[in-house]
file target-v4.txt (compact mmCIF, C-alpha atoms)
# COMPACT_ATOMS: atom_id res chain seq x y z
CA MET A 1 16.99 26.49 -3.55
CA THR A 2 15.51 27.58 -0.20
CA ARG A 3 12.19 26.32 1.10
CA PRO A 4 10.33 26.12 4.41
CA LEU A 5 11.64 23.20 6.46
CA ASP A 6 8.25 22.68 8.09
CA GLU A 7 6.15 22.47 4.92
CA PHE A 8 4.96 18.95 5.76
CA ALA A 9 4.79 19.54 9.51
CA GLN A 10 1.02 18.99 9.52
CA TYR A 11 1.78 15.34 8.69
CA GLY A 12 4.55 15.10 11.29
CA ILE A 13 7.01 14.39 8.48
CA PHE A 14 10.28 16.05 7.44
CA VAL A 15 11.36 15.61 3.81
CA SER A 16 14.96 16.61 3.16
CA SER A 17 15.21 16.19 -0.63
CA ASN A 18 14.15 19.16 -2.77
CA THR A 19 13.27 16.83 -5.64
CA ALA A 20 11.13 14.69 -3.36
CA CYS A 21 9.37 17.81 -2.08
CA SER A 22 8.60 18.91 -5.62
CA ILE A 23 7.19 15.47 -6.43
CA LEU A 24 5.05 15.53 -3.30
CA HIS A 25 3.63 18.96 -4.10
CA LYS A 26 2.59 17.74 -7.55
CA ALA A 27 1.18 14.47 -6.23
CA LEU A 28 -0.79 16.13 -3.44
CA GLY A 29 -2.31 18.81 -5.67
CA PRO A 30 -4.90 21.37 -4.54
CA LYS A 31 -7.67 18.83 -3.84
CA HIS A 32 -5.66 15.95 -2.43
CA GLN A 33 -7.52 12.89 -1.23
CA SER A 34 -5.30 10.30 0.37
CA LEU A 35 -5.30 6.54 -0.05
CA SER A 36 -5.10 6.43 3.77
CA SER A 37 -8.91 6.49 3.79
CA LEU A 38 -8.91 2.93 2.38
CA VAL A 39 -6.19 1.54 4.67
CA SER A 40 -7.11 -0.47 7.74
CA THR A 41 -5.87 0.26 11.21
CA ARG A 42 -3.23 -2.03 12.64
CA ASN A 43 -4.43 -5.61 13.22
CA PRO A 44 -7.58 -5.28 11.09
CA PHE A 45 -9.14 -8.57 12.28
CA ASN A 46 -7.82 -8.47 15.87
CA LEU A 47 -5.74 -11.58 15.28
CA SER A 48 -2.27 -11.51 16.84
CA THR A 49 0.80 -12.27 14.75
CA ASP A 50 1.15 -15.75 16.29
CA THR A 51 -2.47 -16.77 15.62
CA ARG A 52 -2.72 -20.03 13.67
CA GLY A 53 -5.78 -22.02 12.71
CA HIS A 54 -6.23 -25.66 11.76
CA GLU A 55 -4.69 -27.18 8.63
CA ALA A 56 -7.75 -28.63 6.92
CA PRO A 57 -10.78 -26.41 6.21
CA LEU A 58 -14.19 -27.23 7.64
CA PRO A 59 -17.42 -25.99 6.03
CA GLY A 60 -17.82 -22.26 6.59
CA ASP A 61 -14.24 -21.71 7.74
CA LEU A 62 -12.27 -18.55 7.01
CA LYS A 63 -8.84 -18.75 5.38
CA LEU A 64 -6.15 -17.11 7.51
CA TYR A 65 -2.95 -15.54 6.19
CA ALA A 66 -0.16 -15.27 8.75
CA SER A 67 3.49 -14.21 8.53
CA ARG A 68 5.42 -15.35 5.45
CA MET A 69 2.06 -15.95 3.74
CA THR A 70 1.48 -19.16 5.64
CA THR A 71 -2.17 -20.23 5.57
CA SER A 72 -4.53 -22.09 7.88
CA TYR A 73 -8.25 -22.04 8.63
CA LEU A 74 -10.37 -20.47 11.37
CA THR A 75 -13.88 -21.06 12.61
CA PRO A 76 -15.71 -17.70 12.19
CA THR A 77 -16.38 -15.69 15.34
CA ASN A 78 -19.03 -13.01 15.78
CA GLU A 79 -16.30 -10.35 15.73
CA LEU A 80 -14.88 -11.58 12.42
CA VAL A 81 -18.30 -11.91 10.82
CA ALA A 82 -19.17 -8.34 11.87
CA ASN A 83 -16.08 -6.93 10.13
CA PRO A 84 -17.15 -5.74 6.63
CA SER A 85 -13.73 -6.64 5.20
CA THR A 86 -14.28 -10.31 6.04
CA THR A 87 -16.89 -10.63 3.30
CA ALA A 88 -15.26 -8.24 0.80
CA TYR A 89 -12.39 -8.19 -1.66
CA LYS A 90 -9.39 -6.30 -0.31
CA VAL A 91 -5.62 -6.10 -0.71
CA LEU A 92 -3.29 -7.61 1.86
CA CYS A 93 -0.16 -5.50 2.43
CA ALA A 94 2.79 -6.36 4.68
CA ALA A 95 2.91 -4.11 7.75
CA VAL A 96 6.72 -3.98 7.75
CA MET A 97 9.06 -2.63 5.06
CA SER A 98 10.86 -5.16 2.89
CA GLU A 99 14.25 -3.55 3.65
CA HIS A 100 16.13 -4.64 6.76
CA ALA A 101 16.20 -1.75 9.26
CA GLY A 102 14.82 0.51 6.54
CA LYS A 103 18.15 0.55 4.68
CA PRO A 104 18.34 0.34 0.86
CA ASN A 105 19.42 -2.89 -0.84
CA LYS A 106 22.87 -3.45 -2.35
CA ASN A 107 21.79 -1.49 -5.44
CA GLY A 108 20.84 1.50 -3.31
CA THR A 109 17.13 1.12 -4.05
CA PHE A 110 14.01 0.30 -2.04
CA LYS A 111 11.22 -2.18 -2.69
CA VAL A 112 9.31 -0.74 0.32
CA ILE A 113 6.37 -3.18 0.22
CA SER A 114 7.44 -6.80 0.63
CA SER A 115 4.16 -8.51 -0.22
CA LEU A 116 0.80 -7.71 -1.80
CA LYS A 117 -2.11 -10.03 -2.46
CA VAL A 118 -5.78 -9.74 -3.32
CA LEU A 119 -7.83 -11.41 -0.58
CA GLU A 120 -11.17 -12.96 -1.40
CA PRO A 121 -14.32 -12.76 0.72
CA GLY A 122 -13.82 -15.23 3.55
CA GLU A 123 -10.08 -14.57 3.77
CA VAL A 124 -8.52 -12.72 6.73
CA CYS A 125 -5.05 -12.01 8.11
CA THR A 126 -3.08 -11.62 11.31
CA ASP A 127 -1.38 -8.51 12.66
CA SER A 128 1.50 -9.15 10.23
CA TYR A 129 -0.53 -7.32 7.58
CA LEU A 130 -2.76 -4.37 6.81
CA THR A 131 -5.71 -4.59 4.48
CA ILE A 132 -6.48 -1.89 1.95
CA GLY A 133 -9.89 -1.40 0.35
CA CYS A 134 -13.22 -3.10 0.88
CA PHE A 135 -14.75 -3.91 -2.49
CA ALA A 136 -17.70 -5.84 -3.87
CA GLN A 137 -15.83 -6.53 -7.13
CA ARG A 138 -12.55 -8.41 -7.47
CA SER A 139 -11.56 -6.16 -10.39
CA GLU A 140 -11.40 -3.15 -8.04
CA ALA A 141 -9.10 -4.96 -5.62
CA GLU A 142 -6.91 -6.05 -8.53
CA ALA A 143 -6.72 -2.43 -9.73
CA LEU A 144 -5.69 -1.28 -6.25
CA CYS A 145 -3.06 -4.02 -6.07
CA ALA A 146 -1.64 -2.83 -9.40
CA TYR A 147 -1.53 0.76 -8.11
CA LEU A 148 0.31 -0.31 -4.96
CA SER A 149 2.84 -2.16 -7.12
CA THR A 150 3.88 0.95 -9.02
CA ALA A 151 7.15 2.75 -8.30
CA PHE A 152 5.10 5.95 -8.06
CA THR A 153 3.01 4.75 -5.12
CA ARG A 154 5.88 3.08 -3.29
CA TYR A 155 8.07 6.19 -3.66
CA LEU A 156 5.37 8.39 -2.11
CA LEU A 157 4.88 5.88 0.70
CA LEU A 158 8.64 5.82 1.32
CA GLN A 159 8.72 9.59 1.88
CA ALA A 160 6.37 9.23 4.85
CA LEU A 161 8.16 6.30 6.50
CA SER A 162 10.26 7.08 9.56
CA SER A 163 10.65 3.45 10.67
CA ILE A 164 10.19 -0.01 9.17
CA HIS A 165 6.53 -0.07 10.19
CA ILE A 166 3.88 0.67 7.56
CA THR A 167 0.64 2.09 8.96
CA ARG A 168 -2.47 3.79 7.65
CA GLU A 169 -1.01 7.24 8.35
CA ARG A 170 2.04 6.55 6.15
CA PHE A 171 -0.10 6.49 3.00
CA VAL A 172 -0.90 10.19 3.48
CA PHE A 173 1.07 11.28 0.37
CA VAL A 174 -0.44 8.60 -1.90
CA PRO A 175 -3.33 10.01 -3.97
CA LEU A 176 -6.62 8.17 -3.90
CA GLN A 177 -7.53 6.84 -7.36
CA ASP A 178 -10.63 5.53 -9.10
CA PHE A 179 -10.37 1.73 -9.17
CA SER A 180 -13.72 1.09 -10.85
CA ASP A 181 -14.16 -0.05 -14.46
CA LYS A 182 -14.90 3.61 -15.32
CA ALA A 183 -11.42 4.79 -14.26
CA SER A 184 -9.39 6.88 -16.69
CA ILE A 185 -6.41 4.58 -16.08
CA ASP A 186 -6.48 1.00 -17.34
CA TRP A 187 -5.14 -0.78 -14.26
CA SER A 188 -4.65 -4.05 -16.15
CA ARG A 189 -1.68 -2.59 -18.05
CA PRO A 190 1.95 -3.47 -17.16
CA VAL A 191 3.36 -1.64 -14.14
CA ALA A 192 5.85 0.36 -16.22
CA GLU A 193 2.98 1.73 -18.33
CA LEU A 194 0.97 2.55 -15.21
CA ASP A 195 3.94 4.46 -13.83
CA ALA A 196 4.20 6.47 -17.04
CA GLN A 197 0.51 7.37 -16.80
CA LEU A 198 0.80 8.33 -13.14
CA PHE A 199 3.89 10.46 -13.81
CA ALA A 200 1.97 12.26 -16.57
CA GLN A 201 -1.11 12.62 -14.36
CA CYS A 202 0.96 14.57 -11.83
CA GLY A 203 2.94 16.49 -14.44
CA LEU A 204 6.30 15.22 -13.24
CA SER A 205 9.46 16.42 -14.95
CA GLU A 206 12.00 14.04 -16.49
CA GLU A 207 14.27 14.63 -13.50
CA GLU A 208 11.46 13.76 -11.09
CA CYS A 209 10.56 10.60 -13.03
CA ASP A 210 14.21 9.54 -12.97
CA GLU A 211 14.34 10.18 -9.21
CA ILE A 212 11.48 7.76 -8.62
CA LYS A 213 12.81 5.10 -10.99
CA SER A 214 16.32 5.27 -9.49
CA THR A 215 15.00 5.02 -5.91
CA ILE A 216 12.43 2.21 -6.19
CA SER A 217 13.17 -1.36 -7.24
CA PRO A 218 10.62 -3.62 -8.98
CA MET A 219 8.18 -5.66 -6.91
call {"tool": "encode", "arguments": {"input": "target-v4.txt", "output": "structure tokens"}}
result
Amino acid sequence: MTRPLDEFAQYGIFVSSNTACSILHKALGPKHQSLSSLVSTRNPFNLSTDTRGHEAPLPGDLKLYASRMTTSYLTPTNELVANPSTTAYKVLCAAVMSEHAGKPNKNGTFKVISSLKVLEPGEVCTDSYLTIGCFAQRSEAEALCAYLSTAFTRYLLLQALSSIHITRERFVFVPLQDFSDKASIDWSRPVAELDAQLFAQCGLSEEECDEIKSTISPM
């Protein structure tokens, strides 16, 4: 099968696998909207990786998540208070791949995302993480977290990764979904069922579904 080698050049990405290319074409679709629009820039709260707060919370403090999900507490600053994500529900996502040097695990599969967590209003993070979404309702953040946990989403993210670093731009192949309570997908269902729905939504073939399931390991 021959195909243009620069078909994803507008994203600055080269995809070598024909099966992966077919999956991407179906996922992108004619009216593709990317999840990138919900992803923060690097260091969303301007808190360096080594930032640590105090151990015991004081009234009005913000809860800080640092590397390895360690927690401490910060006194709010004007900059943090002005950030809309500080007072919203959002999903914390590790900014580095789970695989060492971007290599697959001993089973030849990738987890891609090492950690995901719904953050409450009043919870922030260091540069070790990205945040995704900015919601008034916890249910929407939980739906997004479920979507990010699927093999479907992590496979599409993997196709855009050229290093171990996960950034906003690397979510370019991941379709934006409806995370409200009016969504056509019930995001509270088990991940395997969500994957089946997402595969069907994109019209993936059995071979393409098997490609995703054989590449991505469970969260």
call {"tool": "atom_distance", "arguments": {"input": "target-v4.txt", "atom1": "CA of Cys125 in chain A", "atom2": "CA of Tyr65 in chain A"}}
result
4.5 Å
call {"tool": "closest_residue", "arguments": {"input": "target-v4.txt", "among": "A:Thr126, A:Pro218, A:Val118, A:Glu207", "to": "Ser149 in chain A", "atoms": "only C-alpha atoms"}}
result
A:Pro218
call {"tool": "residues_around", "arguments": {"input": "target-v4.txt", "residues": "Asp181 in chain A", "least_positions_apart": "3", "cutoff": "10 Å", "atoms": "only C-alpha atoms", "output": "list in words"}}
result
Gln137, Ser139, Glu140, Ala143, Asp178, Ser184, Ile185, Asp186 and Trp187 of chain A
call {"tool": "closest_residue", "arguments": {"input": "target-v4.txt", "among": "A:Ile113, A:Leu130, A:Leu157, A:Ala94", "to": "Asn46 in chain A", "atoms": "all atoms listed in the file"}}
result
A:Leu130
call {"tool": "closest_residue", "arguments": {"input": "target-v4.txt", "among": "A:Lys26, A:Lys31, A:Lys63, A:Lys213", "to": "Lys111 in chain A", "atoms": "all atoms listed in the file"}}
result
A:Lys213
call {"tool": "residues_around", "arguments": {"input": "target-v4.txt", "residues": "range 74-82 of chain A", "least_positions_apart": "2", "cutoff": "9 Å", "atoms": "all atoms listed in the file", "output": "VMD selection string"}}
result
chain A and resid 45 to 46 52 to 54 57 to 64 72 84 to 87 124
call {"tool": "build_atoms", "arguments": {"input": "target-v4.txt", "residues": "range 86-101 of chain A", "atoms": "N, CA, C and O atoms", "output": "PDB file, keeping the file's coordinate frame"}}
result
ATOM      1  N   THR A  86     -14.282  -8.846   6.071  1.00  0.00           N
ATOM      2  CA  THR A  86     -14.280 -10.310   6.040  1.00  0.00           C
ATOM      3  C   THR A  86     -15.012 -10.830   4.811  1.00  0.00           C
ATOM      4  O   THR A  86     -14.619 -11.838   4.223  1.00  0.00           O
ATOM      5  N   THR A  87     -16.069 -10.156   4.418  1.00  0.00           N
ATOM      6  CA  THR A  87     -16.890 -10.630   3.300  1.00  0.00           C
ATOM      7  C   THR A  87     -16.666  -9.809   2.029  1.00  0.00           C
ATOM      8  O   THR A  87     -17.494  -9.831   1.120  1.00  0.00           O
ATOM      9  N   ALA A  88     -15.549  -9.100   1.958  1.00  0.00           N
ATOM     10  CA  ALA A  88     -15.260  -8.240   0.800  1.00  0.00           C
ATOM     11  C   ALA A  88     -13.933  -8.630   0.169  1.00  0.00           C
ATOM     12  O   ALA A  88     -13.129  -9.362   0.742  1.00  0.00           O
ATOM     13  N   TYR A  89     -13.707  -8.108  -1.043  1.00  0.00           N
ATOM     14  CA  TYR A  89     -12.390  -8.190  -1.660  1.00  0.00           C
ATOM     15  C   TYR A  89     -11.546  -7.039  -1.114  1.00  0.00           C
ATOM     16  O   TYR A  89     -12.037  -5.923  -0.941  1.00  0.00           O
ATOM     17  N   LYS A  90     -10.291  -7.308  -0.843  1.00  0.00           N
ATOM     18  CA  LYS A  90      -9.390  -6.300  -0.310  1.00  0.00           C
ATOM     19  C   LYS A  90      -7.957  -6.687  -0.688  1.00  0.00           C
ATOM     20  O   LYS A  90      -7.721  -7.796  -1.187  1.00  0.00           O
ATOM     21  N   VAL A  91      -7.016  -5.802  -0.416  1.00  0.00           N
ATOM     22  CA  VAL A  91      -5.620  -6.100  -0.710  1.00  0.00           C
ATOM     23  C   VAL A  91      -4.851  -6.258   0.591  1.00  0.00           C
ATOM     24  O   VAL A  91      -4.917  -5.393   1.469  1.00  0.00           O
ATOM     25  N   LEU A  92      -4.166  -7.363   0.721  1.00  0.00           N
ATOM     26  CA  LEU A  92      -3.290  -7.610   1.860  1.00  0.00           C
ATOM     27  C   LEU A  92      -1.947  -6.944   1.589  1.00  0.00           C
ATOM     28  O   LEU A  92      -1.387  -7.086   0.497  1.00  0.00           O
ATOM     29  N   CYS A  93      -1.429  -6.205   2.566  1.00  0.00           N
ATOM     30  CA  CYS A  93      -0.160  -5.500   2.430  1.00  0.00           C
ATOM     31  C   CYS A  93       0.664  -5.732   3.690  1.00  0.00           C
ATOM     32  O   CYS A  93       0.162  -5.557   4.807  1.00  0.00           O
ATOM     33  N   ALA A  94       1.915  -6.136   3.532  1.00  0.00           N
ATOM     34  CA  ALA A  94       2.790  -6.360   4.680  1.00  0.00           C
ATOM     35  C   ALA A  94       2.887  -5.098   5.527  1.00  0.00           C
ATOM     36  O   ALA A  94       2.972  -3.991   4.990  1.00  0.00           O
ATOM     37  N   ALA A  95       2.888  -5.252   6.828  1.00  0.00           N
ATOM     38  CA  ALA A  95       2.910  -4.110   7.750  1.00  0.00           C
ATOM     39  C   ALA A  95       4.323  -3.681   8.118  1.00  0.00           C
ATOM     40  O   ALA A  95       4.495  -2.771   8.932  1.00  0.00           O
ATOM     41  N   VAL A  96       5.317  -4.320   7.509  1.00  0.00           N
ATOM     42  CA  VAL A  96       6.720  -3.980   7.750  1.00  0.00           C
ATOM     43  C   VAL A  96       7.417  -3.823   6.407  1.00  0.00           C
ATOM     44  O   VAL A  96       7.160  -4.596   5.473  1.00  0.00           O
ATOM     45  N   MET A  97       8.299  -2.841   6.295  1.00  0.00           N
ATOM     46  CA  MET A  97       9.060  -2.630   5.060  1.00  0.00           C
ATOM     47  C   MET A  97       9.831  -3.882   4.660  1.00  0.00           C
ATOM     48  O   MET A  97      10.233  -4.676   5.508  1.00  0.00           O
ATOM     49  N   SER A  98      10.084  -4.014   3.376  1.00  0.00           N
ATOM     50  CA  SER A  98      10.860  -5.160   2.890  1.00  0.00           C
ATOM     51  C   SER A  98      12.339  -5.020   3.220  1.00  0.00           C
ATOM     52  O   SER A  98      13.056  -6.019   3.317  1.00  0.00           O
ATOM     53  N   GLU A  99      12.827  -3.784   3.400  1.00  0.00           N
ATOM     54  CA  GLU A  99      14.250  -3.550   3.650  1.00  0.00           C
ATOM     55  C   GLU A  99      14.591  -3.737   5.131  1.00  0.00           C
ATOM     56  O   GLU A  99      13.875  -3.244   6.003  1.00  0.00           O
ATOM     57  N   HIS A 100      15.684  -4.430   5.392  1.00  0.00           N
ATOM     58  CA  HIS A 100      16.130  -4.640   6.760  1.00  0.00           C
ATOM     59  C   HIS A 100      16.531  -3.313   7.388  1.00  0.00           C
ATOM     60  O   HIS A 100      17.343  -2.573   6.839  1.00  0.00           O
ATOM     61  N   ALA A 101      15.928  -2.990   8.520  1.00  0.00           N
ATOM     62  CA  ALA A 101      16.200  -1.750   9.260  1.00  0.00           C
ATOM     63  C   ALA A 101      15.958  -0.508   8.419  1.00  0.00           C
ATOM     64  O   ALA A 101      16.467   0.572   8.713  1.00  0.00           O
TER      65      ALA A 101
END
